[in-house]
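Below: one structure, written as C-alpha coordinates.
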Amino acid sequence: MHEHSQAQDDSERFTQVERFTVQWSHGLFFSSHTFDPANPVLADAIRGADDESSQHGMIVVIDEGVTDTNPDLQDRIRRYVEAHRDSLPELRTIHVTPGGEISKNDPRMVDEILDLINEHGICRRSTVLVIGGGAVLDSAGYAAATAHRGVRIVRMPTTVLSQADSGVGVKNGINRYGKKNFTGTFTPPNAVVCDTRLLESLSDAEWITGFSEVVKIALLKDADLFERMERDVSKIRERDLTVAIGYIFESARRHLEHITRGGDPFESHEARPLDYGHWSAHKLEQMTNFELRHGDAVSMGIALDSIYAGLMGMESRDSVERTIALLEKLGLPIFHPCMSQTDVLIEGLQEFREHLGGKLTITLVTEPGSSIEVNEIDEKIMMRAIEELSRRT
(Lines give C-alpha, C1' and ligand atoms only; values in the text may rest on other atoms or scores of the structure.)
Protein backbone atom coordinates (compact mmCIF):
# COMPACT_ATOMS: atom_id res chain seq x y z
CA MET A 1 0.00 0.00 0.00
CA HIS A 2 2.82 2.37 0.84
CA GLU A 3 4.54 1.73 -2.51
CA HIS A 4 1.29 2.35 -4.38
CA SER A 5 0.70 5.66 -2.57
CA GLN A 6 4.24 6.81 -3.28
CA ALA A 7 3.85 6.00 -6.99
CA GLN A 8 0.56 7.87 -7.08
CA ASP A 9 2.16 10.91 -5.43
CA ASP A 10 5.00 10.86 -7.94
CA SER A 11 2.57 10.72 -10.85
CA GLU A 12 0.93 13.94 -9.65
CA ARG A 13 4.17 15.89 -9.71
CA PHE A 14 5.20 17.89 -12.73
CA THR A 15 8.13 20.21 -13.28
CA GLN A 16 9.13 21.96 -16.48
CA VAL A 17 11.61 24.82 -16.82
CA GLU A 18 12.06 26.61 -20.12
CA ARG A 19 14.49 29.37 -20.98
CA PHE A 20 13.51 31.88 -23.64
CA THR A 21 14.59 35.18 -25.10
CA VAL A 22 12.57 38.08 -26.45
CA GLN A 23 13.62 39.89 -29.59
CA TRP A 24 13.73 43.69 -29.36
CA SER A 25 14.88 46.41 -31.71
CA HIS A 26 16.46 49.40 -29.98
CA GLY A 27 17.05 52.24 -32.46
CA LEU A 28 19.33 55.19 -31.71
CA PHE A 29 19.21 58.17 -34.08
CA PHE A 30 21.18 61.42 -34.00
CA SER A 31 19.91 64.21 -36.21
CA SER A 32 19.39 67.98 -36.34
CA HIS A 33 16.39 70.05 -37.37
CA THR A 34 14.35 66.95 -36.61
CA PHE A 35 10.99 68.71 -37.03
CA ASP A 36 11.81 69.98 -40.49
CA PRO A 37 9.17 68.24 -42.65
CA ALA A 38 11.94 67.32 -45.12
CA ASN A 39 13.75 65.31 -42.41
CA PRO A 40 12.40 61.72 -42.31
CA VAL A 41 14.32 60.54 -39.23
CA LEU A 42 11.60 61.02 -36.63
CA ALA A 43 8.86 59.58 -38.87
CA ASP A 44 11.01 56.53 -39.59
CA ALA A 45 11.78 56.08 -35.90
CA ILE A 46 8.12 56.28 -34.86
CA ARG A 47 6.99 53.94 -37.60
CA GLY A 48 9.83 51.50 -37.04
CA ALA A 49 9.58 48.18 -38.79
CA ASP A 50 5.91 47.85 -37.92
CA ASP A 51 3.82 49.64 -40.53
CA GLU A 52 0.63 48.68 -38.72
CA SER A 53 1.51 51.18 -36.01
CA SER A 54 0.61 53.93 -38.48
CA GLN A 55 -3.04 52.86 -38.15
CA HIS A 56 -3.18 53.88 -34.48
CA GLY A 57 -2.90 57.06 -32.44
CA MET A 58 -0.11 59.05 -30.85
CA ILE A 59 0.18 61.47 -27.95
CA VAL A 60 3.14 63.77 -27.40
CA VAL A 61 4.44 64.63 -23.93
CA ILE A 62 6.79 67.62 -23.73
CA ASP A 63 8.98 68.91 -20.92
CA GLU A 64 7.79 72.40 -19.97
CA GLY A 65 11.37 73.63 -19.95
CA VAL A 66 11.70 72.67 -23.62
CA THR A 67 8.58 74.61 -24.65
CA ASP A 68 9.76 77.62 -22.64
CA THR A 69 12.94 77.83 -24.72
CA ASN A 70 11.29 76.65 -27.94
CA PRO A 71 7.87 78.38 -27.92
CA ASP A 72 7.01 77.31 -31.48
CA LEU A 73 7.73 73.63 -30.85
CA GLN A 74 4.09 72.51 -30.65
CA ASP A 75 3.30 74.14 -33.98
CA ARG A 76 6.36 72.54 -35.54
CA ILE A 77 5.28 69.13 -34.29
CA ARG A 78 1.79 69.55 -35.75
CA ARG A 79 3.19 70.64 -39.11
CA TYR A 80 5.60 67.70 -39.12
CA VAL A 81 2.87 65.18 -38.37
CA GLU A 82 0.67 66.69 -41.07
CA ALA A 83 3.52 66.50 -43.60
CA HIS A 84 3.97 62.79 -42.77
CA ARG A 85 0.29 61.95 -42.25
CA ASP A 86 0.50 58.98 -44.65
CA SER A 87 3.02 57.20 -42.46
CA LEU A 88 2.57 58.55 -38.92
CA PRO A 89 -0.14 57.74 -36.37
CA GLU A 90 -2.90 60.28 -35.81
CA LEU A 91 -1.79 63.00 -33.39
CA ARG A 92 -4.44 63.02 -30.68
CA THR A 93 -3.01 65.50 -28.18
CA ILE A 94 0.10 67.34 -27.03
CA HIS A 95 0.64 67.51 -23.28
CA VAL A 96 3.14 69.85 -21.59
CA THR A 97 4.35 68.68 -18.17
CA PRO A 98 6.69 70.22 -15.58
CA GLY A 99 10.30 69.22 -16.06
CA GLY A 100 12.97 68.40 -13.53
CA GLU A 101 12.74 66.14 -10.52
CA ILE A 102 9.19 67.26 -9.67
CA SER A 103 7.99 65.07 -12.51
CA LYS A 104 9.46 62.06 -10.70
CA ASN A 105 8.52 63.11 -7.16
CA ASP A 106 4.85 63.93 -7.72
CA PRO A 107 2.63 60.91 -8.56
CA ARG A 108 0.15 63.26 -10.23
CA MET A 109 2.58 63.81 -13.09
CA VAL A 110 2.44 60.13 -14.00
CA ASP A 111 -1.31 59.98 -13.39
CA GLU A 112 -1.90 62.85 -15.83
CA ILE A 113 -0.14 60.94 -18.59
CA LEU A 114 -2.05 57.75 -17.75
CA ASP A 115 -5.28 59.76 -17.92
CA LEU A 116 -4.34 60.96 -21.42
CA ILE A 117 -3.50 57.44 -22.56
CA ASN A 118 -6.92 56.33 -21.38
CA GLU A 119 -8.85 59.37 -22.62
CA HIS A 120 -7.38 59.30 -26.14
CA GLY A 121 -7.61 55.57 -26.69
CA ILE A 122 -3.87 54.96 -26.81
CA CYS A 123 -3.46 51.20 -27.15
CA ARG A 124 -0.44 48.92 -27.15
CA ARG A 125 0.09 49.56 -30.84
CA SER A 126 -0.17 53.30 -30.42
CA THR A 127 2.77 55.58 -29.61
CA VAL A 128 3.78 57.92 -26.82
CA LEU A 129 6.38 60.40 -28.06
CA VAL A 130 8.13 62.03 -25.10
CA ILE A 131 10.37 65.07 -25.55
CA GLY A 132 12.44 66.37 -22.67
CA GLY A 133 15.10 65.85 -20.05
CA GLY A 134 15.76 62.64 -18.19
CA ALA A 135 13.16 63.17 -15.46
CA VAL A 136 10.30 63.65 -17.93
CA LEU A 137 11.54 60.70 -20.00
CA ASP A 138 11.34 58.65 -16.80
CA SER A 139 7.85 59.70 -15.74
CA ALA A 140 6.34 59.38 -19.23
CA GLY A 141 8.20 56.13 -19.79
CA TYR A 142 6.87 54.71 -16.55
CA ALA A 143 3.31 55.67 -17.49
CA ALA A 144 3.67 54.12 -20.96
CA ALA A 145 5.26 50.96 -19.57
CA THR A 146 2.44 50.36 -17.10
CA ALA A 147 -0.52 51.29 -19.32
CA HIS A 148 -1.89 48.16 -21.02
CA ARG A 149 1.31 46.42 -19.80
CA GLY A 150 3.27 48.47 -22.29
CA VAL A 151 2.55 51.14 -24.90
CA ARG A 152 5.09 51.87 -27.65
CA ILE A 153 7.33 54.76 -26.67
CA VAL A 154 9.76 56.90 -28.64
CA ARG A 155 12.07 59.17 -26.66
CA MET A 156 13.50 62.50 -27.73
CA PRO A 157 16.03 63.45 -25.03
CA THR A 158 16.80 67.17 -25.00
CA THR A 159 19.69 67.53 -22.52
CA VAL A 160 23.32 66.49 -22.73
CA LEU A 161 22.81 64.05 -19.87
CA SER A 162 19.76 62.38 -21.38
CA GLN A 163 21.24 62.18 -24.88
CA ALA A 164 24.54 60.83 -23.59
CA ASP A 165 23.16 58.46 -20.97
CA SER A 166 19.71 58.09 -19.44
CA GLY A 167 17.61 58.59 -22.57
CA VAL A 168 19.32 55.65 -24.25
CA GLY A 169 18.75 53.18 -21.41
CA VAL A 170 16.01 50.64 -20.78
CA LYS A 171 15.02 51.89 -17.33
CA ASN A 172 12.11 54.05 -16.19
CA GLY A 173 12.11 55.16 -12.58
CA ILE A 174 10.17 57.52 -10.34
CA ASN A 175 10.99 58.53 -6.77
CA ARG A 176 9.07 57.20 -3.79
CA TYR A 177 9.66 57.20 -0.02
CA GLY A 178 12.32 59.85 -0.58
CA LYS A 179 14.40 57.33 -2.54
CA LYS A 180 15.68 57.73 -6.07
CA ASN A 181 13.94 55.49 -8.64
CA PHE A 182 12.25 53.34 -5.98
CA THR A 183 9.42 52.51 -8.38
CA GLY A 184 10.18 51.68 -11.99
CA THR A 185 10.38 49.23 -14.85
CA PHE A 186 12.86 47.82 -17.32
CA THR A 187 11.21 48.68 -20.62
CA PRO A 188 13.31 49.41 -23.72
CA PRO A 189 12.12 52.31 -25.86
CA ASN A 190 11.11 51.56 -29.43
CA ALA A 191 13.49 54.29 -30.57
CA VAL A 192 15.57 57.18 -29.26
CA VAL A 193 15.91 60.29 -31.44
CA CYS A 194 18.46 62.90 -30.36
CA ASP A 195 18.11 66.34 -31.93
CA THR A 196 21.46 68.04 -31.43
CA ARG A 197 20.01 71.48 -32.19
CA LEU A 198 17.82 71.31 -29.09
CA LEU A 199 20.99 71.37 -26.98
CA GLU A 200 21.66 74.94 -28.07
CA SER A 201 18.86 76.28 -25.86
CA LEU A 202 20.26 74.73 -22.67
CA SER A 203 21.66 76.95 -19.93
CA ASP A 204 25.40 76.70 -19.33
CA ALA A 205 24.76 74.79 -16.11
CA GLU A 206 22.48 72.26 -17.84
CA TRP A 207 24.97 71.93 -20.68
CA ILE A 208 27.96 71.03 -18.54
CA THR A 209 26.24 68.87 -15.92
CA GLY A 210 25.56 66.13 -18.46
CA PHE A 211 29.23 65.63 -19.23
CA SER A 212 29.75 63.91 -15.88
CA GLU A 213 28.13 60.86 -17.47
CA VAL A 214 30.50 61.11 -20.44
CA VAL A 215 33.47 61.22 -18.05
CA LYS A 216 31.99 58.17 -16.32
CA ILE A 217 31.70 56.08 -19.48
CA ALA A 218 35.23 57.09 -20.54
CA LEU A 219 36.65 56.07 -17.17
CA LEU A 220 34.86 52.74 -17.31
CA LYS A 221 35.33 51.73 -20.92
CA ASP A 222 37.64 53.88 -23.02
CA ALA A 223 41.01 55.31 -21.98
CA ASP A 224 41.42 56.99 -25.37
CA LEU A 225 38.07 58.76 -24.99
CA PHE A 226 39.20 60.01 -21.57
CA GLU A 227 42.48 61.33 -22.98
CA ARG A 228 40.69 63.10 -25.82
CA MET A 229 38.34 64.75 -23.31
CA GLU A 230 41.38 66.01 -21.42
CA ARG A 231 42.63 67.64 -24.63
CA ASP A 232 39.24 69.06 -25.66
CA VAL A 233 38.01 70.12 -22.24
CA SER A 234 38.09 73.85 -23.08
CA LYS A 235 36.11 73.39 -26.29
CA ILE A 236 33.52 71.27 -24.47
CA ARG A 237 33.13 73.86 -21.73
CA GLU A 238 32.87 76.65 -24.31
CA ARG A 239 30.04 74.74 -26.02
CA ASP A 240 31.77 74.07 -29.30
CA LEU A 241 29.02 71.83 -30.67
CA THR A 242 31.13 70.45 -33.49
CA VAL A 243 33.52 68.99 -30.89
CA ALA A 244 31.10 68.22 -28.07
CA ILE A 245 28.59 66.25 -30.15
CA GLY A 246 31.22 63.62 -30.84
CA TYR A 247 31.56 62.93 -27.11
CA ILE A 248 27.81 62.86 -26.55
CA PHE A 249 27.36 60.44 -29.43
CA GLU A 250 30.22 58.21 -28.27
CA SER A 251 28.76 58.03 -24.76
CA ALA A 252 25.31 57.16 -26.13
CA ARG A 253 26.80 54.49 -28.40
CA ARG A 254 28.71 52.94 -25.51
CA HIS A 255 25.56 52.84 -23.39
CA LEU A 256 23.57 51.23 -26.18
CA GLU A 257 26.23 48.58 -26.75
CA HIS A 258 26.36 47.83 -23.03
CA ILE A 259 22.60 47.25 -23.06
CA THR A 260 22.43 45.22 -26.26
CA ARG A 261 25.72 43.31 -26.03
CA GLY A 262 26.48 43.20 -22.32
CA GLY A 263 24.33 40.15 -21.66
CA ASP A 264 22.38 41.59 -18.72
CA PRO A 265 20.25 44.53 -19.92
CA PHE A 266 17.69 44.17 -17.13
CA GLU A 267 20.35 43.93 -14.39
CA SER A 268 19.34 40.47 -13.22
CA HIS A 269 22.79 40.04 -11.67
CA GLU A 270 24.21 42.24 -8.95
CA ALA A 271 26.70 44.18 -11.08
CA ARG A 272 25.71 47.60 -12.40
CA PRO A 273 28.96 48.96 -13.83
CA LEU A 274 27.35 51.94 -15.53
CA ASP A 275 26.25 53.19 -12.11
CA TYR A 276 29.82 54.10 -11.19
CA GLY A 277 29.68 56.95 -8.67
CA HIS A 278 25.93 56.62 -8.30
CA TRP A 279 25.54 55.13 -4.82
CA SER A 280 26.47 58.49 -3.26
CA ALA A 281 24.97 60.52 -6.11
CA HIS A 282 21.50 59.12 -5.42
CA LYS A 283 21.90 59.76 -1.70
CA LEU A 284 23.13 63.32 -2.30
CA GLU A 285 20.07 64.08 -4.41
CA GLN A 286 17.88 62.78 -1.60
CA MET A 287 19.80 64.77 1.04
CA THR A 288 19.32 68.00 -0.93
CA ASN A 289 15.61 67.31 -1.47
CA PHE A 290 16.41 66.62 -5.13
CA GLU A 291 17.52 70.21 -5.70
CA LEU A 292 20.98 68.96 -6.74
CA ARG A 293 21.23 68.16 -10.44
CA HIS A 294 21.77 64.50 -11.15
CA GLY A 295 24.82 65.19 -13.30
CA ASP A 296 26.41 67.33 -10.57
CA ALA A 297 25.72 64.59 -8.01
CA VAL A 298 27.31 62.01 -10.32
CA SER A 299 30.41 64.21 -10.65
CA MET A 300 30.72 64.30 -6.86
CA GLY A 301 30.14 60.55 -6.67
CA ILE A 302 32.87 59.88 -9.24
CA ALA A 303 35.30 62.11 -7.36
CA LEU A 304 34.50 60.41 -4.05
CA ASP A 305 34.83 56.85 -5.34
CA SER A 306 38.04 57.74 -7.16
CA ILE A 307 39.64 59.10 -4.00
CA TYR A 308 38.40 56.07 -2.02
CA ALA A 309 39.88 53.67 -4.59
CA GLY A 310 43.15 55.59 -4.37
CA LEU A 311 43.23 55.33 -0.57
CA MET A 312 42.54 51.60 -0.85
CA GLY A 313 45.42 51.15 -3.30
CA MET A 314 43.07 50.08 -6.09
CA GLU A 315 43.44 53.18 -8.29
CA SER A 316 46.75 54.84 -9.08
CA ARG A 317 47.37 58.32 -7.72
CA ASP A 318 47.88 59.58 -11.27
CA SER A 319 44.45 58.29 -12.29
CA VAL A 320 42.82 59.89 -9.26
CA GLU A 321 44.41 63.27 -9.96
CA ARG A 322 43.55 63.17 -13.66
CA THR A 323 39.92 62.31 -12.84
CA ILE A 324 39.52 65.16 -10.34
CA ALA A 325 41.29 67.57 -12.69
CA LEU A 326 39.06 66.75 -15.66
CA LEU A 327 35.89 67.18 -13.62
CA GLU A 328 37.04 70.55 -12.30
CA LYS A 329 38.27 71.80 -15.68
CA LEU A 330 34.88 70.97 -17.15
CA GLY A 331 33.34 73.15 -14.44
CA LEU A 332 31.71 70.23 -12.62
CA PRO A 333 31.48 70.23 -8.80
CA ILE A 334 33.30 67.63 -6.73
CA PHE A 335 31.90 68.43 -3.26
CA HIS A 336 28.69 69.59 -1.62
CA PRO A 337 28.42 70.85 1.99
CA CYS A 338 25.88 68.13 2.85
CA MET A 339 28.62 65.55 2.26
CA SER A 340 29.94 66.60 5.68
CA GLN A 341 26.98 64.68 7.12
CA THR A 342 29.06 61.56 6.67
CA ASP A 343 26.83 59.23 8.70
CA VAL A 344 23.82 60.13 6.55
CA LEU A 345 25.76 59.88 3.30
CA ILE A 346 27.12 56.44 4.20
CA GLU A 347 23.50 55.26 4.55
CA GLY A 348 23.45 55.48 0.77
CA LEU A 349 25.46 52.25 0.63
CA GLN A 350 22.67 50.30 2.34
CA GLU A 351 20.02 51.90 0.13
CA PHE A 352 22.08 51.06 -2.96
CA ARG A 353 22.38 47.48 -1.68
CA GLU A 354 18.60 47.24 -1.41
CA HIS A 355 18.16 48.78 -4.85
CA LEU A 356 20.49 46.17 -6.34
CA GLY A 357 18.71 43.23 -4.76
CA GLY A 358 20.47 42.56 -1.47
CA LYS A 359 24.14 42.20 -2.43
CA LEU A 360 26.27 45.29 -2.54
CA THR A 361 28.27 45.63 -5.74
CA ILE A 362 30.27 48.79 -6.32
CA THR A 363 32.30 49.44 -9.46
CA LEU A 364 35.61 51.21 -8.93
CA VAL A 365 38.01 52.49 -11.57
CA THR A 366 41.64 51.34 -11.44
CA GLU A 367 42.89 53.36 -14.43
CA PRO A 368 40.97 55.20 -17.14
CA GLY A 369 39.32 52.48 -19.22
CA SER A 370 39.64 49.75 -16.55
CA SER A 371 37.50 48.89 -13.54
CA ILE A 372 36.85 46.27 -10.89
CA GLU A 373 33.85 45.31 -8.77
CA VAL A 374 33.89 45.10 -4.97
CA ASN A 375 31.25 43.76 -2.62
CA GLU A 376 32.40 45.55 0.50
CA ILE A 377 33.22 49.16 1.31
CA ASP A 378 35.46 50.10 4.22
CA GLU A 379 33.34 52.82 5.78
CA LYS A 380 36.23 54.32 7.77
CA ILE A 381 38.28 54.71 4.61
CA MET A 382 35.24 56.12 2.80
CA MET A 383 34.90 58.75 5.53
CA ARG A 384 38.57 59.61 5.03
CA ALA A 385 37.84 59.99 1.32
CA ILE A 386 35.02 62.42 2.10
CA GLU A 387 37.36 64.43 4.34
CA GLU A 388 40.04 64.56 1.65
CA LEU A 389 37.48 65.67 -0.92
CA SER A 390 36.32 68.48 1.38
CA ARG A 391 39.90 69.74 1.73
CA ARG A 392 40.17 70.08 -2.05
CA THR A 393 37.39 72.66 -2.22
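Every chain in the C-alpha coordinates takes a letter, A first, then B, and so on in the order presented; its residues are numbered from 1, and the ligands are numbered from 1 following the presented order.
The shell of residues at most 6 Å from Gly210 (chain A), with only C-alpha atoms counted and near chain neighbours (fewer than 3 positions) removed, consists of Val160, Leu161, Glu213 and Gly295 of chain A.
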Problem - Backbone DSSP call of helix (DSSP H, G or I) for region 118-184 of chain A, listed as number ranges by chain - result: A: 118-119, 134-149, 160-164, 166-168
N, CA and C atoms of the current selection, written as a short mmCIF file (atom, residue, chain, number, x, y, z; two decimals), in the first residue's frame:
data_model
loop_
_atom_site.label_atom_id
_atom_site.label_comp_id
_atom_site.auth_asym_id
_atom_site.auth_seq_id
_atom_site.Cartn_x
_atom_site.Cartn_y
_atom_site.Cartn_z
N ASN A 118 -5.56 56.88 -21.46
CA ASN A 118 -6.92 56.33 -21.38
C ASN A 118 -7.92 57.17 -22.18
N GLU A 119 -7.88 58.48 -21.99
CA GLU A 119 -8.85 59.37 -22.62
C GLU A 119 -8.77 59.33 -24.15
N GLY A 134 15.84 63.99 -18.72
CA GLY A 134 15.76 62.64 -18.19
C GLY A 134 14.60 62.39 -17.25
N ALA A 135 14.25 63.38 -16.42
CA ALA A 135 13.16 63.17 -15.46
C ALA A 135 11.83 62.98 -16.16
N VAL A 136 11.55 63.80 -17.19
CA VAL A 136 10.30 63.65 -17.93
C VAL A 136 10.30 62.36 -18.74
N LEU A 137 11.45 61.98 -19.30
CA LEU A 137 11.54 60.70 -20.00
C LEU A 137 11.19 59.56 -19.05
N ASP A 138 11.63 59.68 -17.80
CA ASP A 138 11.34 58.65 -16.80
C ASP A 138 9.86 58.58 -16.47
N SER A 139 9.25 59.72 -16.18
CA SER A 139 7.85 59.70 -15.74
C SER A 139 6.92 59.28 -16.88
N ALA A 140 7.16 59.79 -18.08
CA ALA A 140 6.34 59.38 -19.23
C ALA A 140 6.61 57.93 -19.60
N GLY A 141 7.86 57.52 -19.49
CA GLY A 141 8.20 56.13 -19.79
C GLY A 141 7.57 55.17 -18.82
N TYR A 142 7.50 55.56 -17.55
CA TYR A 142 6.87 54.71 -16.55
C TYR A 142 5.37 54.59 -16.82
N ALA A 143 4.75 55.70 -17.17
CA ALA A 143 3.31 55.67 -17.49
C ALA A 143 3.07 54.77 -18.70
N ALA A 144 3.86 54.93 -19.75
CA ALA A 144 3.67 54.12 -20.96
C ALA A 144 3.94 52.64 -20.69
N ALA A 145 4.91 52.36 -19.85
CA ALA A 145 5.26 50.96 -19.57
C ALA A 145 4.19 50.24 -18.76
N THR A 146 3.44 50.99 -17.96
CA THR A 146 2.44 50.36 -17.10
C THR A 146 1.04 50.38 -17.70
N ALA A 147 0.79 51.27 -18.65
CA ALA A 147 -0.52 51.29 -19.32
C ALA A 147 -0.62 50.10 -20.27
N HIS A 148 -1.67 49.33 -20.15
CA HIS A 148 -1.89 48.16 -21.02
C HIS A 148 -0.69 47.20 -20.99
N ARG A 149 0.08 47.23 -19.92
CA ARG A 149 1.31 46.42 -19.80
C ARG A 149 2.37 46.82 -20.83
N VAL A 160 22.08 67.24 -22.52
CA VAL A 160 23.32 66.49 -22.73
C VAL A 160 23.26 65.18 -21.96
N LEU A 161 22.83 65.24 -20.70
CA LEU A 161 22.81 64.05 -19.87
C LEU A 161 21.89 62.98 -20.44
N SER A 162 20.70 63.38 -20.89
CA SER A 162 19.76 62.38 -21.38
C SER A 162 20.14 61.86 -22.75
N GLN A 163 20.78 62.68 -23.58
CA GLN A 163 21.24 62.18 -24.88
C GLN A 163 22.45 61.28 -24.73
N ALA A 164 23.31 61.59 -23.77
CA ALA A 164 24.54 60.83 -23.59
C ALA A 164 24.35 59.58 -22.76
N SER A 166 20.97 58.66 -19.94
CA SER A 166 19.71 58.09 -19.44
C SER A 166 18.67 57.86 -20.52
N GLY A 167 18.62 58.74 -21.54
CA GLY A 167 17.61 58.59 -22.57
C GLY A 167 17.79 57.36 -23.42
N VAL A 168 19.01 56.81 -23.43
CA VAL A 168 19.32 55.65 -24.25
C VAL A 168 18.97 54.36 -23.53
#
Practice task
Write out as JSON, numbers by chain which residues come within 12 Å of His336 (chain A) when counting only C-alpha atoms, dropping same-chain ones fewer than 5 positions away.
Solution key: {"A": [280, 281, 283, 284, 285, 287, 288, 291, 292, 293, 296, 297, 298, 299, 300, 301, 303, 304, 341, 342, 345, 386, 387, 389, 390, 391, 392, 393]}
Exercise for the section: Identify which of the residues A:Val365, A:Lys171, A:Lys104, A:Ile236 lies closest to Thr187 (chain A), counting only C-alpha atoms when measuring atom-to-atom distances. Expected result: A:Lys171
Handout entry: Shell around region 25-33 of chain A at 6 Å using only C-alpha atoms, local window under 3 positions removed, as a list of chain:residue names
Key =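 Answer for this query is A:Asp36, A:Asn190, A:Ala191, A:Val192, A:Val193, A:Cys194, A:Asp195, A:Thr196, A:Arg197.
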Exercise for the section: Could you check which of A:Asp165, A:Pro188, A:Val233, A:Ala223 is closest to Gly150 (chain A), using only C-alpha atoms? Expected result: A:Pro188
Practice task
Using DSSP on the backbone, list every residue of region 50-241 of chain A that comes out as strand (DSSP E), and give them as a PyMOL selection string.
Solution key: chain A and resi 57-63+90-97+127-132+152-157+171-176+179-186+191-195
Problem - Pick from A:Tyr80, A:Phe266, A:Phe211, A:Phe14, whichever lies nearest to Glu328 (chain A) using only C-alpha atoms - result: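 Once distances to Glu328 (chain A) are computed over only C-alpha atoms, the minimum belongs to A:Phe211.
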Practice task
Name all residues at most 6 Å from region 307-314 of chain A (count only C-alpha atoms; drop same-chain ones fewer than 4 positions away) and give them as a PyMOL selection string.
Solution key: chain A and resi 366+382+385
Would you write out those residues with C-alpha atoms, as a PDB file, in the first residue's frame?
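The result, stored in selection19.pdb:
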ATOM      1  CA  THR A 366      41.640  51.338 -11.439  1.00  0.00           C
ATOM      2  CA  MET A 382      35.238  56.120   2.803  1.00  0.00           C
ATOM      3  CA  ALA A 385      37.845  59.986   1.324  1.00  0.00           C
TER       4      ALA A 385
END
Practice task
Between A:Arg254, A:Lys180, A:Arg322, A:His56, single out the one closest to Gly348 (chain A), counting only C-alpha atoms.
Solution key: A:Lys180
